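Comments concern the structure below.
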Amino acid sequence: MRRALQAARDAASQGEVPVGAVVVRDGTVIATAANAPRRLHDPTAHAEICAIRAASARLGSDRLEGCDLWVTLEPCAMCAGAIAHARIARLYYGASDPKGGAVEHGPRFFAQPTCHHRPEIFSGIGEGEAAGLLRNFFAGRR
């Protein structure tokens with residue numbers, strides 16, 4: 001989670017919402033990414049999507065079986081869908097997102113009968129720091 005939090009800080013320094021993600025397999029970091037929708041002019045460039053894309057390219061596969069995803073914020077519905085399609089084994093996330101999250105909030109994506117793959121889910125890891133980064137970022141915008 002330390003690497004994901006650093007990626008989130010990097011995103012904030014570039015004016016992006018501070019969210020970071022890391023894909024790990026067997027204790028080895030495969031990919032690290034930060035939120036980049038504004039920088040890339042791409043609404044799908046969430047940290048999770050960018051990390052999944054980079055890991056898939058590095059491993060040469062659209063399936064990231066055996067990989068874990070560490071992300072600083074509860075994934076949205078789009079990212080939850082990508083996590084399922086990539087066959088991520090375990091999802092670890094920091095701060096909950098009552099407004100836009102789709103794991104424990106909103107559509108609860110992985111609990112739906114139409115979800116074809118459900119990762120193991122662990123929440124609240126680094127929650128205080130992840131939530132603090134988000135609070136500080138948005139306080140500075142007001």
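Labels for the structure tokens follow display order: chains A, B, ..., residues from 1 in each chain, ligands from 1.
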
Legend entry - All residues 10 Å or closer to A:Pro37, only C-alpha atoms, same chain fewer than 3 positions away omitted, as a PyMOL selection string: chain A and resi 16-17+34+40-47+50

Legend entry - Spatial neighbours of A:Ala11, 9 Å, only C-alpha atoms, chain gap at least 5 places, as a PyMOL selection string: chain A and resi 6+16-20+33-36

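Nearest residue to A:Ala84, choosing from A:Gly15, A:Gly132, A:Pro119, A:Gly27 and counting only C-alpha atoms: A:Pro119.
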
Inset, instruction - Give the alpha helix (DSSP H) residues of chain A, as assigned by DSSP on the backbone, as a VMD selection string. - result: chain A and resid 2 to 13 37 to 40 47 to 59 77 to 86 127 to 141

Inset, instruction - Take atom CA of A:Gly106 and atom CA of A:Ser13 and report the distance between them in Å, one decimal. - result: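 Those two atoms sit 28.9 Å apart.
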
Do you know which residues are at most 8 Å from A:Ala80 counting only C-alpha atoms, after dropping those on the same chain fewer than 5 positions away, and could you put them as an mmCIF file with N, CA, C and O atoms, in the first residue's frame?
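Written out: selection.cif:
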```cif
data_model
loop_
_atom_site.group_PDB
_atom_site.id
_atom_site.type_symbol
_atom_site.label_atom_id
_atom_site.label_comp_id
_atom_site.auth_asym_id
_atom_site.auth_seq_id
_atom_site.Cartn_x
_atom_site.Cartn_y
_atom_site.Cartn_z
ATOM 1 N N PRO A 75 -12.769 0.976 -5.416
ATOM 2 C CA PRO A 75 -12.989 1.101 -6.858
ATOM 3 C C PRO A 75 -14.430 1.444 -7.237
ATOM 4 O O PRO A 75 -15.381 1.028 -6.574
ATOM 5 N N ALA A 102 -18.015 1.065 -5.646
ATOM 6 C CA ALA A 102 -18.914 0.019 -6.142
ATOM 7 C C ALA A 102 -18.608 -1.342 -5.540
ATOM 8 O O ALA A 102 -19.076 -2.358 -6.035
ATOM 9 N N VAL A 103 -17.811 -1.365 -4.463
ATOM 10 C CA VAL A 103 -17.480 -2.633 -3.820
ATOM 11 C C VAL A 103 -18.360 -2.810 -2.584
ATOM 12 O O VAL A 103 -19.155 -3.747 -2.502
ATOM 13 N N PHE A 109 -20.722 -4.291 -6.846
ATOM 14 C CA PHE A 109 -20.482 -5.015 -8.089
ATOM 15 C C PHE A 109 -20.203 -6.505 -7.910
ATOM 16 O O PHE A 109 -20.778 -7.345 -8.594
ATOM 17 N N PHE A 110 -19.311 -6.837 -6.994
ATOM 18 C CA PHE A 110 -18.891 -8.232 -6.853
ATOM 19 C C PHE A 110 -19.961 -9.118 -6.212
ATOM 20 O O PHE A 110 -19.850 -10.338 -6.253
#
```

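Put simply, atom CA of A:Arg53 is 8.7 Å away from atom CA of A:Ala31.
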
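As for atom CA of A:Asn136 and atom CA of A:Ile121, they are spaced 26.5 Å apart.
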
Inset, instruction - Go through A:Gly140, A:Pro113, A:Gly94, A:Gly81 one by one, measure the shortest atom-to-atom distance of each to A:Gly126 using only C-alpha atoms, and give the residue with the smallest value. - result: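 Distance minimum relative to A:Gly126 lands on A:Gly94.
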
Inset, instruction - Find the residues around A:Glu120 up to 9 Å (only C-alpha atoms counted), leave out those fewer than 6 positions away in its own chain, and share them as number ranges by chain. - result: A: 88-92

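Remark: for A:Gly100, the closest of the candidate residues A:Val29, A:Ala51, A:Cys79, A:Val24 is A:Cys79 (distances computed over only C-alpha atoms).
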
DSSP on the backbone, then: every residue of chain A marked strand (DSSP E), written as a PDB file with N, CA, C and O atoms, in the first residue's frame.
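Saved the output as states-v4.pdb:
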```
ATOM      1  N   GLY A  20      -3.933   5.981  -6.157  1.00  0.00           N
ATOM      2  CA  GLY A  20      -2.833   5.191  -6.704  1.00  0.00           C
ATOM      3  C   GLY A  20      -3.164   3.719  -6.647  1.00  0.00           C
ATOM      4  O   GLY A  20      -3.965   3.288  -5.813  1.00  0.00           O
ATOM      5  N   ALA A  21      -2.553   2.955  -7.551  1.00  0.00           N
ATOM      6  CA  ALA A  21      -2.815   1.511  -7.605  1.00  0.00           C
ATOM      7  C   ALA A  21      -1.533   0.760  -7.954  1.00  0.00           C
ATOM      8  O   ALA A  21      -0.693   1.268  -8.698  1.00  0.00           O
ATOM      9  N   VAL A  22      -1.425  -0.442  -7.432  1.00  0.00           N
ATOM     10  CA  VAL A  22      -0.265  -1.299  -7.673  1.00  0.00           C
ATOM     11  C   VAL A  22      -0.754  -2.727  -7.915  1.00  0.00           C
ATOM     12  O   VAL A  22      -1.592  -3.231  -7.161  1.00  0.00           O
ATOM     13  N   VAL A  23      -0.225  -3.364  -8.952  1.00  0.00           N
ATOM     14  CA  VAL A  23      -0.496  -4.780  -9.206  1.00  0.00           C
ATOM     15  C   VAL A  23       0.730  -5.574  -8.764  1.00  0.00           C
ATOM     16  O   VAL A  23       1.858  -5.234  -9.138  1.00  0.00           O
ATOM     17  N   VAL A  24       0.486  -6.609  -7.973  1.00  0.00           N
ATOM     18  CA  VAL A  24       1.552  -7.436  -7.407  1.00  0.00           C
ATOM     19  C   VAL A  24       1.262  -8.903  -7.716  1.00  0.00           C
ATOM     20  O   VAL A  24       0.112  -9.334  -7.639  1.00  0.00           O
ATOM     21  N   ARG A  25       2.313  -9.634  -8.066  1.00  0.00           N
ATOM     22  CA  ARG A  25       2.182 -11.097  -8.223  1.00  0.00           C
ATOM     23  C   ARG A  25       3.352 -11.748  -7.494  1.00  0.00           C
ATOM     24  O   ARG A  25       4.507 -11.397  -7.731  1.00  0.00           O
ATOM     25  N   THR A  28       6.057  -9.600  -6.106  1.00  0.00           N
ATOM     26  CA  THR A  28       6.780  -8.723  -7.033  1.00  0.00           C
ATOM     27  C   THR A  28       5.827  -7.698  -7.615  1.00  0.00           C
ATOM     28  O   THR A  28       4.747  -8.054  -8.109  1.00  0.00           O
ATOM     29  N   VAL A  29       6.228  -6.435  -7.580  1.00  0.00           N
ATOM     30  CA  VAL A  29       5.412  -5.377  -8.181  1.00  0.00           C
ATOM     31  C   VAL A  29       5.487  -5.505  -9.698  1.00  0.00           C
ATOM     32  O   VAL A  29       6.571  -5.492 -10.278  1.00  0.00           O
ATOM     33  N   ILE A  30       4.334  -5.636 -10.324  1.00  0.00           N
ATOM     34  CA  ILE A  30       4.237  -5.768 -11.777  1.00  0.00           C
ATOM     35  C   ILE A  30       3.984  -4.407 -12.413  1.00  0.00           C
ATOM     36  O   ILE A  30       4.521  -4.100 -13.473  1.00  0.00           O
ATOM     37  N   ALA A  31       3.142  -3.586 -11.761  1.00  0.00           N
ATOM     38  CA  ALA A  31       2.808  -2.270 -12.317  1.00  0.00           C
ATOM     39  C   ALA A  31       2.348  -1.337 -11.205  1.00  0.00           C
ATOM     40  O   ALA A  31       1.721  -1.778 -10.241  1.00  0.00           O
ATOM     41  N   THR A  32       2.664  -0.065 -11.363  1.00  0.00           N
ATOM     42  CA  THR A  32       2.216   0.986 -10.459  1.00  0.00           C
ATOM     43  C   THR A  32       1.641   2.099 -11.310  1.00  0.00           C
ATOM     44  O   THR A  32       2.201   2.437 -12.354  1.00  0.00           O
ATOM     45  N   ALA A  33       0.520   2.673 -10.871  1.00  0.00           N
ATOM     46  CA  ALA A  33      -0.101   3.746 -11.653  1.00  0.00           C
ATOM     47  C   ALA A  33      -0.833   4.712 -10.736  1.00  0.00           C
ATOM     48  O   ALA A  33      -1.207   4.366  -9.615  1.00  0.00           O
ATOM     49  N   ALA A  34      -1.022   5.909 -11.254  1.00  0.00           N
ATOM     50  CA  ALA A  34      -1.762   6.959 -10.554  1.00  0.00           C
ATOM     51  C   ALA A  34      -2.917   7.416 -11.434  1.00  0.00           C
ATOM     52  O   ALA A  34      -2.900   7.225 -12.651  1.00  0.00           O
ATOM     53  N   CYS A  67      -2.701 -12.387  -9.446  1.00  0.00           N
ATOM     54  CA  CYS A  67      -2.246 -11.032  -9.112  1.00  0.00           C
ATOM     55  C   CYS A  67      -3.160 -10.393  -8.077  1.00  0.00           C
ATOM     56  O   CYS A  67      -4.353 -10.678  -8.011  1.00  0.00           O
ATOM     57  N   ASP A  68      -2.567  -9.509  -7.299  1.00  0.00           N
ATOM     58  CA  ASP A  68      -3.295  -8.721  -6.311  1.00  0.00           C
ATOM     59  C   ASP A  68      -3.294  -7.274  -6.786  1.00  0.00           C
ATOM     60  O   ASP A  68      -2.322  -6.820  -7.398  1.00  0.00           O
ATOM     61  N   LEU A  69      -4.366  -6.556  -6.482  1.00  0.00           N
ATOM     62  CA  LEU A  69      -4.445  -5.132  -6.783  1.00  0.00           C
ATOM     63  C   LEU A  69      -4.576  -4.375  -5.472  1.00  0.00           C
ATOM     64  O   LEU A  69      -5.466  -4.662  -4.666  1.00  0.00           O
ATOM     65  N   TRP A  70      -3.659  -3.455  -5.265  1.00  0.00           N
ATOM     66  CA  TRP A  70      -3.663  -2.573  -4.104  1.00  0.00           C
ATOM     67  C   TRP A  70      -4.056  -1.194  -4.605  1.00  0.00           C
ATOM     68  O   TRP A  70      -3.406  -0.661  -5.517  1.00  0.00           O
ATOM     69  N   VAL A  71      -5.100  -0.596  -4.044  1.00  0.00           N
ATOM     70  CA  VAL A  71      -5.555   0.720  -4.488  1.00  0.00           C
ATOM     71  C   VAL A  71      -5.962   1.539  -3.271  1.00  0.00           C
ATOM     72  O   VAL A  71      -6.446   0.999  -2.276  1.00  0.00           O
ATOM     73  N   THR A  72      -5.738   2.833  -3.340  1.00  0.00           N
ATOM     74  CA  THR A  72      -5.955   3.693  -2.182  1.00  0.00           C
ATOM     75  C   THR A  72      -7.420   4.029  -1.936  1.00  0.00           C
ATOM     76  O   THR A  72      -7.769   4.458  -0.844  1.00  0.00           O
ATOM     77  N   LEU A  73      -8.282   3.841  -2.921  1.00  0.00           N
ATOM     78  CA  LEU A  73      -9.696   4.195  -2.792  1.00  0.00           C
ATOM     79  C   LEU A  73     -10.563   3.054  -3.307  1.00  0.00           C
ATOM     80  O   LEU A  73     -10.205   2.392  -4.298  1.00  0.00           O
ATOM     81  N   ARG A  90      -6.957 -10.923  -5.602  1.00  0.00           N
ATOM     82  CA  ARG A  90      -7.249 -10.234  -4.352  1.00  0.00           C
ATOM     83  C   ARG A  90      -7.229  -8.728  -4.566  1.00  0.00           C
ATOM     84  O   ARG A  90      -6.336  -8.216  -5.240  1.00  0.00           O
ATOM     85  N   LEU A  91      -8.199  -8.052  -3.966  1.00  0.00           N
ATOM     86  CA  LEU A  91      -8.295  -6.599  -4.009  1.00  0.00           C
ATOM     87  C   LEU A  91      -8.101  -6.071  -2.599  1.00  0.00           C
ATOM     88  O   LEU A  91      -8.798  -6.476  -1.670  1.00  0.00           O
ATOM     89  N   TYR A  92      -7.124  -5.184  -2.456  1.00  0.00           N
ATOM     90  CA  TYR A  92      -6.864  -4.505  -1.189  1.00  0.00           C
ATOM     91  C   TYR A  92      -7.095  -3.024  -1.435  1.00  0.00           C
ATOM     92  O   TYR A  92      -6.507  -2.466  -2.365  1.00  0.00           O
ATOM     93  N   TYR A  93      -7.933  -2.384  -0.626  1.00  0.00           N
ATOM     94  CA  TYR A  93      -8.101  -0.946  -0.811  1.00  0.00           C
ATOM     95  C   TYR A  93      -8.159  -0.214   0.519  1.00  0.00           C
ATOM     96  O   TYR A  93      -8.455  -0.798   1.551  1.00  0.00           O
ATOM     97  N   GLY A  94      -7.823   1.069   0.441  1.00  0.00           N
ATOM     98  CA  GLY A  94      -7.725   1.909   1.628  1.00  0.00           C
ATOM     99  C   GLY A  94      -9.043   2.530   2.028  1.00  0.00           C
ATOM    100  O   GLY A  94      -9.823   1.956   2.786  1.00  0.00           O
ATOM    101  N   ALA A  95      -9.314   3.714   1.502  1.00  0.00           N
ATOM    102  CA  ALA A  95     -10.491   4.474   1.898  1.00  0.00           C
ATOM    103  C   ALA A  95     -11.749   3.990   1.197  1.00  0.00           C
ATOM    104  O   ALA A  95     -11.731   3.648   0.014  1.00  0.00           O
ATOM    105  N   GLU A 120     -10.990 -11.891  -3.733  1.00  0.00           N
ATOM    106  CA  GLU A 120     -11.054 -11.735  -2.283  1.00  0.00           C
ATOM    107  C   GLU A 120     -10.887 -10.245  -2.035  1.00  0.00           C
ATOM    108  O   GLU A 120     -10.097  -9.581  -2.724  1.00  0.00           O
ATOM    109  N   ILE A 121     -11.589  -9.704  -1.068  1.00  0.00           N
ATOM    110  CA  ILE A 121     -11.573  -8.262  -0.834  1.00  0.00           C
ATOM    111  C   ILE A 121     -11.147  -7.966   0.599  1.00  0.00           C
ATOM    112  O   ILE A 121     -11.678  -8.554   1.547  1.00  0.00           O
ATOM    113  N   PHE A 122     -10.198  -7.023   0.720  1.00  0.00           N
ATOM    114  CA  PHE A 122      -9.699  -6.569   2.013  1.00  0.00           C
ATOM    115  C   PHE A 122      -9.730  -5.044   1.987  1.00  0.00           C
ATOM    116  O   PHE A 122      -9.069  -4.429   1.145  1.00  0.00           O
ATOM    117  N   SER A 123     -10.485  -4.437   2.890  1.00  0.00           N
ATOM    118  CA  SER A 123     -10.617  -2.982   2.883  1.00  0.00           C
ATOM    119  C   SER A 123     -10.010  -2.359   4.132  1.00  0.00           C
ATOM    120  O   SER A 123      -9.703  -3.051   5.102  1.00  0.00           O
TER     121      SER A 123
END
```

Inset, instruction - Identify which of the residues A:Ala77, A:Ala131, A:Ala57, A:Ile125 lies closest to A:Arg108, counting only C-alpha atoms when measuring atom-to-atom distances. - result: A:Ala77
